[in-house]
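Novice: So that we are looking at the same thing, I have put the structure below in C-alpha cells.
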Amino acid sequence: MEAAPPASSRPSLGLPGDPRFFARKGPFSIAAIAEAADCTLQPPRNGRELSDLRGVGPLQSATPADVSFLDNRRYAHLLDETRAGAIITSPAFADRIPEHSAALITKAPYLAWARAAALFHPVLPPAPGIHPSALVDPTARVAATAAIGPFCVVGADAQIGEGTALGAHAVIGEGVSIGERCRIGAHVSLSHALVGDRVTLYAGARIGQDGFGFAVGPAGFETVPQLGRVVIHDDVEIGANATIDRGSMQDTVIGAGTRIDNLVQIGHNARLGRCCIVVSQAGISGSTELEDYVTIAAQAGLIGHIRIGAKARIGAQCGVMSDVEAGADVIGSPAMPFREFFRNVATLRRLSRKPDKES
Amino acid sequence: MEAAPPASSRPSLGLPGDPRFFARKGPFSIAAIAEAADCTLQPPRNGRELSDLRGVGPLQSATPADVSFLDNRRYAHLLDETRAGAIITSPAFADRIPEHSAALITKAPYLAWARAAALFHPVLPPAPGIHPSALVDPTARVAATAAIGPFCVVGADAQIGEGTALGAHAVIGEGVSIGERCRIGAHVSLSHALVGDRVTLYAGARIGQDGFGFAVGPAGFETVPQLGRVVIHDDVEIGANATIDRGSMQDTVIGAGTRIDNLVQIGHNARLGRCCIVVSQAGISGSTELEDYVTIAAQAGLIGHIRIGAKARIGAQCGVMSDVEAGADVIGSPAMPFREFFRNVATLRRLSRKPDKES
Amino acid sequence: MEAAPPASSRPSLGLPGDPRFFARKGPFSIAAIAEAADCTLQPPRNGRELSDLRGVGPLQSATPADVSFLDNRRYAHLLDETRAGAIITSPAFADRIPEHSAALITKAPYLAWARAAALFHPVLPPAPGIHPSALVDPTARVAATAAIGPFCVVGADAQIGEGTALGAHAVIGEGVSIGERCRIGAHVSLSHALVGDRVTLYAGARIGQDGFGFAVGPAGFETVPQLGRVVIHDDVEIGANATIDRGSMQDTVIGAGTRIDNLVQIGHNARLGRCCIVVSQAGISGSTELEDYVTIAAQAGLIGHIRIGAKARIGAQCGVMSDVEAGADVIGSPAMPFREFFRNVATLRRLSRKPDKES
C-alpha cells in the first residue's frame, strides 16, 4: 500500500467546499439564489447572460460560475480583480461591483451569504441508528431517528431526541436529556444536564462536571457538593474544549440562541441570557449573570456574583470586577468605558514622552 | 419511541439535588445535622418544633423541610423572605435569622454547608469491576475494589489502587501508578505520572504529555526529550480540560491538597506546594515554583523560572514576571501590590480628565 | 491483589528517564556523545579518565556516569557542587566547569542537550498494525507501517501515512489525510484537514471543527457554513487540548515547523507561517496572518484580520489590535513596543507616588 502524500505537496484547490469534506448541491439559477438569500438581483451591467452557478468562493478565487461575497470595507479592493459570477453585498458597495458580475444586494449580506453557502453545501442529516460498538443503557430512551456514533456511552435513563447525532466517543451521563436535532461532537462529556433542541456541542466540550467549590477544613480543602444542573436552552452552540460546570445550589443556565466559542470557561451557577456571544478563551465566574444579547469578547474575564446588563459589550481581555449597565461598552482590566480606556492610553503615552521633550 | 421534550419546556424544580442526577439520604434530625456540620443549634425563636429535614436548598427556594445557608453579605436580604427550616450561618448573621427558622451557627459556615449537603447527597462509591469493553493490559495491577469504566485503556505495568474509579474512555499510560479512592474523569489521558490517594481528575484533563521544549536546529526546531514525570500528591483535584506537562529533567509536582480548576495550564518542571489554589484559565510556565497555600486567580499568567512565596495571592489576569514574596497580594500586568495597582488606576483616571477641566 | 502504594510515599528517583516511562540506550563513550551532540570535547582538567556514560541528569543530581547541561546563567552556581561526569555548555561557561567533569562545548548547548538526551532515551517507533478494537472504514488507506491504537475511529477515504501512530481513541474524519511519521495523541479529533509529515498532535487537540461564524437572522443567530479546511504542513506540533478551527471560505494554514502549545485557540482562516511559536493559552482570531518566525507568548490575544510581520515577538498577555511590523517586539494591551510599555509602567508609578511626596 502506498503512503499518503504529504499535504505540503498537494495543490491547493483554492476554492472552498472540498468534496472530500463537504456535500455539494446545485447548480442553481441566480434567481433561485437571490430568493434563498433574500437579495435584490442586479444583473451584470455589461449585459452578460448568467449561466447557473455552481458554488461559492472568495473574491480572489471565485470563477464566473461562483457566488462570492463582500461585507468588510477592508477587502473592497478585491472587487477590482474578481471574476465572480455574482457577488452578495450591501447597497454601499453596489456601485463598485464589476460590470461582468451580478450583484445580490441586501442590507444583511453576511446572513445572505450564510444562506447561499448553505444552499450549495447543505449539512446532511445524520444516518439514524445506534452504532454496534456504542453502549446504550437499556433504560435510556433513544429516538428512532437519532444517530449514536461509535464507542458512545449513554447512561441509564438518558433521553436522546429525534434527529440528534452523537459523535464518536461521546459520553452522556445518567439521566441527561437531549432534545431534537442536536449535534454532539466527538469526545464530548455531558452529565447532570438538560439540553434543548438544535443545540450543538463541539468536540471535547465538558458539560456538567463539579464546579470549583471547596471549603477550608481542618486537614485541607473539603469539596462542597455541587447539587445543581446545567440547563442548555434551544439553539445554543458550545465550542470545542469549552467547559461549563454544573451549579452548586442553583442551575447553570445557558439561554436560547447563545453562542459560546472554543475554550471558554463558565463557572457554577452562572446564568446566560438569550443570544449572548462569548468568544474564545473568555471566562465567566460562578454565579455571574448575563442578561440577553450580551457580547463577551475573547479572553475577557468576569469575576463572580456580578450582573451584566442586556446588550452590554465586554471587550477582549477585559477584566470585569463589578456590574455592567445595559448597553455599556467596556474594556480594560479593570473594565471601564471604551472611551475612557483609550483616553487613558493616550494620556499615559503623552506623559511618558514629556520628560524627553523637556530635557 | 417518543422524542425527549426540550429542556426549555421543563418546569424548573427550583431545588438542588435533582434525583435524576444525585443520590439522596435522610431525613435527618436537626441535631444530627448540627453534629455532622459541627454547628451550634439555635432553635426557632417562635418556639416552633422542628420536624426532620429532608434536603438542602438556597434561601430563595428552600422549604420548611430544607436546610439552607448564608455566608455572603450580598445575599443577606434573602433572609427576609426565606421559608427555610434551618439556616447555616456565621455568628454575624445569627440575629437576622427569621423567627420560624432554626439557626446552625458556626465560624466556618461554608465548611458546615459542605458537610450538611454531603449528608443528604453522599457520593456513592463506584461499583467495583472492570467493564467488559475496557482494555486492561495483563501486566497492569488493578485493585479488586477499583472500577474501570467502558472503553478505558490501561497500559502495561500500570497500577490502579483500591476504590479508584476510571470514567469512560480514560487512557492510562504504561507504568502509571494511581493510588486509592481516586476519581479519574471521562476522556482523561494520563501518562508518565505517579498519582497519590483521593485525587480527582476531571473530564478531559491531559496529564503527562511532553512539555513545550525545543531547540533551534539547522533545519528548524528540534524537540528536546522530556524525561521527567508528573507527580501528583494526595487529595489533589485537577479541572476539566486542564493540561499538566511532565517535566523535562526534573518532575512536575503538584503538592498535596492543591486544587486546580478547568483549563489551567501547568508547564514542565513546575512545582506547586501544598493546598495551592489555581483558578480557571490561569497558566504557570515551566520551572516556576509555588510554595504552600498560594492562590492564583483566574486567567493569571506566571512566567517561567520564578518562585511564589507561601500564601501569596496572585490576582485575576495578573502577569507575574518575577518572584513574589510570601504573603504578598499582587495584581496587574506586570504584577504589583494591590494598593499600588488601584492607586495607578485612580491616578490615570484623574490625569485623563484634567485636560477637560482646564480647557 | 494489593493496592498501589501512593505516589507520595515513593522515594524520588532524582534522575530523569524513569525506566517505567522511557526507553534507555547506552552506555556511550564521551566521544560518541560529543559527536552526536556536535560539541568540542574538553576532558576533565584533573586528568581523570572517563568511563562510558550511562544517562543524563540535571546538575543537582547527575552522577559521574551522567551527562548534564548548563545554558541559563541563573543556574550557573550549581556548577560548584555538581558531580556530573560531563557537562554540555557554551564557551561562556567553559572555565567554570569543575575539574572532575568533562566539558562538551558548543555555541548551541540546548540543541546539543536535546541530541544527547535523545541518544540515551530514543523515541521508539510505534509497533505497526491496527488494534482489533479500532474501527477503520474499509475505504480508508492505512499504510502498512502505521499504528492505529485501541478504539480509534478512521473515517471513509481517510489516509494514514507510513510510520504514523494514532493514540487510543483518536477520531479521524472522512477524507482526512495524514502524512508519514506523525504522532496523533490520545483523544484527538481531526476532521476537514490535510496533515503533512512528522506532525505531532497532542492529546485532546481539536482540529477542523466549524469556526465561530454566524449571522444575525430574524429569529436569532444563523450559522455561516464553514467550507474551508485546516492545512497543517510538515514538522508542526500542536499542544494538548488546543483548538484549530477550519476555514470558512479559505483554509486555516499552519506553516511548516511551527510549534503550538497547549490550550491555544486558532480561529478560522488564520494563516501561520513557517517556524512560528505560539505559547500556551494564546489566541489568534479569524483571518489573522503570521509571517515566518513569529513568536506569540503565553496568553496573548490577536484580534482578527491583522498581519504580524516576520520575526515579530508578541509578549505574554499582549492584546494585539492592529498590524505588527516585521521584527517588532510588542507587549501590553493594547500592544505597544516593549520600551514604551515599561516606560509607561515607570511613569505611572512615579505619578502615583507624587501626591504623597508633595503633601
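Residues are named by chain letter and number: chains run A, B, ... in the order of the C-alpha cells, numbers start at 1 in each chain, and ligands are numbered from 1 in the order shown.
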Could you pull out the residues in range 55-245 of chain A that DSSP calls helix (DSSP H, G or I) from the backbone, as number ranges by chain?
Specialist: A: 73-80, 91-96, 109-120
Novice: Those same residues - N, CA and C atoms - I'd like them written as a compact mmCIF listing (two decimals), in the first residue's frame.
Specialist:
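The resulting file, out33.txt, is shown below:
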# COMPACT_ATOMS: atom_id res chain seq x y z
N ARG A 73 -15.20 46.53 4.40
CA ARG A 73 -14.55 47.56 3.59
C ARG A 73 -13.07 47.23 3.35
N ARG A 74 -12.47 46.56 4.32
CA ARG A 74 -11.06 46.20 4.22
C ARG A 74 -10.75 45.41 2.96
N TYR A 75 -11.74 44.66 2.48
CA TYR A 75 -11.48 43.79 1.34
C TYR A 75 -12.11 44.33 0.05
N ALA A 76 -12.58 45.58 0.06
CA ALA A 76 -13.31 46.12 -1.10
C ALA A 76 -12.41 46.19 -2.34
N HIS A 77 -11.10 46.38 -2.12
CA HIS A 77 -10.20 46.47 -3.28
C HIS A 77 -10.20 45.18 -4.10
N LEU A 78 -10.62 44.06 -3.49
CA LEU A 78 -10.64 42.80 -4.23
C LEU A 78 -11.70 42.81 -5.33
N LEU A 79 -12.64 43.75 -5.25
CA LEU A 79 -13.65 43.84 -6.31
C LEU A 79 -13.02 44.16 -7.67
N ASP A 80 -11.90 44.86 -7.62
CA ASP A 80 -11.30 45.31 -8.88
C ASP A 80 -10.87 44.16 -9.77
N PRO A 91 -25.91 47.60 -0.08
CA PRO A 91 -26.12 48.71 -1.02
C PRO A 91 -24.88 49.61 -1.12
N ALA A 92 -24.12 49.74 -0.06
CA ALA A 92 -22.98 50.64 -0.05
C ALA A 92 -21.94 50.28 -1.12
N PHE A 93 -21.86 48.98 -1.46
CA PHE A 93 -20.84 48.56 -2.42
C PHE A 93 -21.43 48.28 -3.80
N ALA A 94 -22.73 48.50 -3.96
CA ALA A 94 -23.40 48.09 -5.21
C ALA A 94 -22.75 48.73 -6.43
N ASP A 95 -22.34 50.00 -6.32
CA ASP A 95 -21.76 50.69 -7.47
C ASP A 95 -20.39 50.15 -7.86
N ARG A 96 -19.73 49.50 -6.90
CA ARG A 96 -18.36 49.06 -7.17
C ARG A 96 -18.29 47.63 -7.69
N PRO A 109 -25.81 41.33 4.29
CA PRO A 109 -25.06 40.48 3.36
C PRO A 109 -24.46 39.23 4.01
N TYR A 110 -24.09 39.31 5.25
CA TYR A 110 -23.47 38.13 5.87
C TYR A 110 -24.50 37.02 6.04
N LEU A 111 -25.71 37.42 6.43
CA LEU A 111 -26.79 36.45 6.54
C LEU A 111 -27.11 35.85 5.17
N ALA A 112 -27.16 36.70 4.16
CA ALA A 112 -27.45 36.22 2.81
C ALA A 112 -26.38 35.24 2.35
N TRP A 113 -25.13 35.57 2.67
CA TRP A 113 -24.03 34.68 2.33
C TRP A 113 -24.20 33.31 3.02
N ALA A 114 -24.57 33.36 4.28
CA ALA A 114 -24.77 32.10 5.02
C ALA A 114 -25.79 31.23 4.31
N ARG A 115 -26.86 31.86 3.84
CA ARG A 115 -27.92 31.07 3.22
C ARG A 115 -27.52 30.58 1.82
N ALA A 116 -26.81 31.41 1.08
CA ALA A 116 -26.36 30.97 -0.24
C ALA A 116 -25.38 29.81 -0.10
N ALA A 117 -24.47 29.94 0.85
CA ALA A 117 -23.47 28.88 1.03
C ALA A 117 -24.14 27.59 1.47
N ALA A 118 -25.16 27.72 2.32
CA ALA A 118 -25.87 26.52 2.79
C ALA A 118 -26.67 25.87 1.67
N LEU A 119 -27.05 26.67 0.67
CA LEU A 119 -27.77 26.13 -0.47
C LEU A 119 -26.85 25.18 -1.25
N PHE A 120 -25.61 25.61 -1.48
CA PHE A 120 -24.67 24.79 -2.24
C PHE A 120 -24.09 23.65 -1.40
Novice: Give as a ChimeraX atom specification every residue of chain C that touches chain B within 8 Å, counting only C-alpha atoms.
Specialist: /C:1-8,14-18,20-22,57-58,110-111,113-115,117-118,121,150-151,168-169,186-187,202-204,240-241,257,261-263,275,280-281,298-299,316-317,332,348-349,351-352
Novice: State, in Å with one decimal place, the distance from CA of Ala102 in chain B to CA of Gln42 in chain B.
Specialist: 5.7 Å
Novice: Taking 3 positions as the minimum chain separation for residues in the same chain, which residues sit within 6 Å of range 44-51 of chain B when counting only C-alpha atoms? Answer as a PyMOL selection string.
Specialist: chain B and resi 99-102
Novice: Could you give me, as a list in words, the residues within 12 Å of Ala328 in chain C, counting only C-alpha atoms and dropping anything in the same chain fewer than 6 positions from it?
Specialist: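 In the requested form, the answer reads Tyr293, Val294, Thr295, Ile296, Ile308, Gly309, Ala310, Lys311, Ala312, Arg313, Ile314, Gly315, Ala335, Met336, Pro337, Phe338 and Arg339 of chain C.
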Novice: Run DSSP on the backbone of this structure and report the residues of range 43-233 of chain C it assigns to strand (DSSP E), as an NGL selection string.
Specialist: :C and (55-56 or 66-69 or 86-89 or 102-105 or 129-130 or 135-136 or 141-142 or 147-148 or 153-154 or 159-160 or 165-166 or 171-172 or 177-178 or 183-184 or 189-190 or 193-195 or 200-201 or 206-207 or 214-217 or 220-223 or 230-232)
Novice: I want to know what sits within 6 Å of range 181-184 of chain B, based on only C-alpha atoms, with residues of the same chain fewer than 2 positions away left out; could you give that as a ChimeraX atom specification?
Specialist: /B:163-167,197-201
Novice: Please, could you write that set of residues out with N, CA and C atoms as a PDB file, in the first residue's frame?
Specialist:
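Wrote it out as again26.pdb, contents follow:
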ATOM      1  N   GLY B 163     -10.594   1.157  45.395  1.00  0.00           N
ATOM      2  CA  GLY B 163     -11.665   2.147  45.416  1.00  0.00           C
ATOM      3  C   GLY B 163     -11.538   3.233  44.368  1.00  0.00           C
ATOM      4  N   THR B 164     -10.546   3.140  43.534  1.00  0.00           N
ATOM      5  CA  THR B 164     -10.359   4.150  42.483  1.00  0.00           C
ATOM      6  C   THR B 164     -11.264   3.842  41.295  1.00  0.00           C
ATOM      7  N   ALA B 165     -11.858   4.905  40.717  1.00  0.00           N
ATOM      8  CA  ALA B 165     -12.765   4.727  39.578  1.00  0.00           C
ATOM      9  C   ALA B 165     -12.234   5.468  38.364  1.00  0.00           C
ATOM     10  N   LEU B 166     -12.194   4.776  37.241  1.00  0.00           N
ATOM     11  CA  LEU B 166     -11.855   5.424  35.974  1.00  0.00           C
ATOM     12  C   LEU B 166     -13.139   5.611  35.177  1.00  0.00           C
ATOM     13  N   GLY B 167     -13.408   6.838  34.740  1.00  0.00           N
ATOM     14  CA  GLY B 167     -14.574   7.105  33.913  1.00  0.00           C
ATOM     15  C   GLY B 167     -14.397   6.550  32.512  1.00  0.00           C
ATOM     16  N   ASP B 197      -3.311   9.324  46.644  1.00  0.00           N
ATOM     17  CA  ASP B 197      -4.645   8.862  47.030  1.00  0.00           C
ATOM     18  C   ASP B 197      -5.655  10.011  46.967  1.00  0.00           C
ATOM     19  N   ARG B 198      -6.904   9.618  46.768  1.00  0.00           N
ATOM     20  CA  ARG B 198      -8.029  10.569  46.816  1.00  0.00           C
ATOM     21  C   ARG B 198      -7.819  11.755  45.858  1.00  0.00           C
ATOM     22  N   VAL B 199      -7.235  11.473  44.745  1.00  0.00           N
ATOM     23  CA  VAL B 199      -7.035  12.505  43.715  1.00  0.00           C
ATOM     24  C   VAL B 199      -8.210  12.467  42.736  1.00  0.00           C
ATOM     25  N   THR B 200      -8.694  13.648  42.337  1.00  0.00           N
ATOM     26  CA  THR B 200      -9.750  13.730  41.323  1.00  0.00           C
ATOM     27  C   THR B 200      -9.217  14.427  40.079  1.00  0.00           C
ATOM     28  N   LEU B 201      -9.349  13.762  38.957  1.00  0.00           N
ATOM     29  CA  LEU B 201      -9.029  14.400  37.673  1.00  0.00           C
ATOM     30  C   LEU B 201     -10.339  14.515  36.903  1.00  0.00           C
TER      31      LEU B 201
END
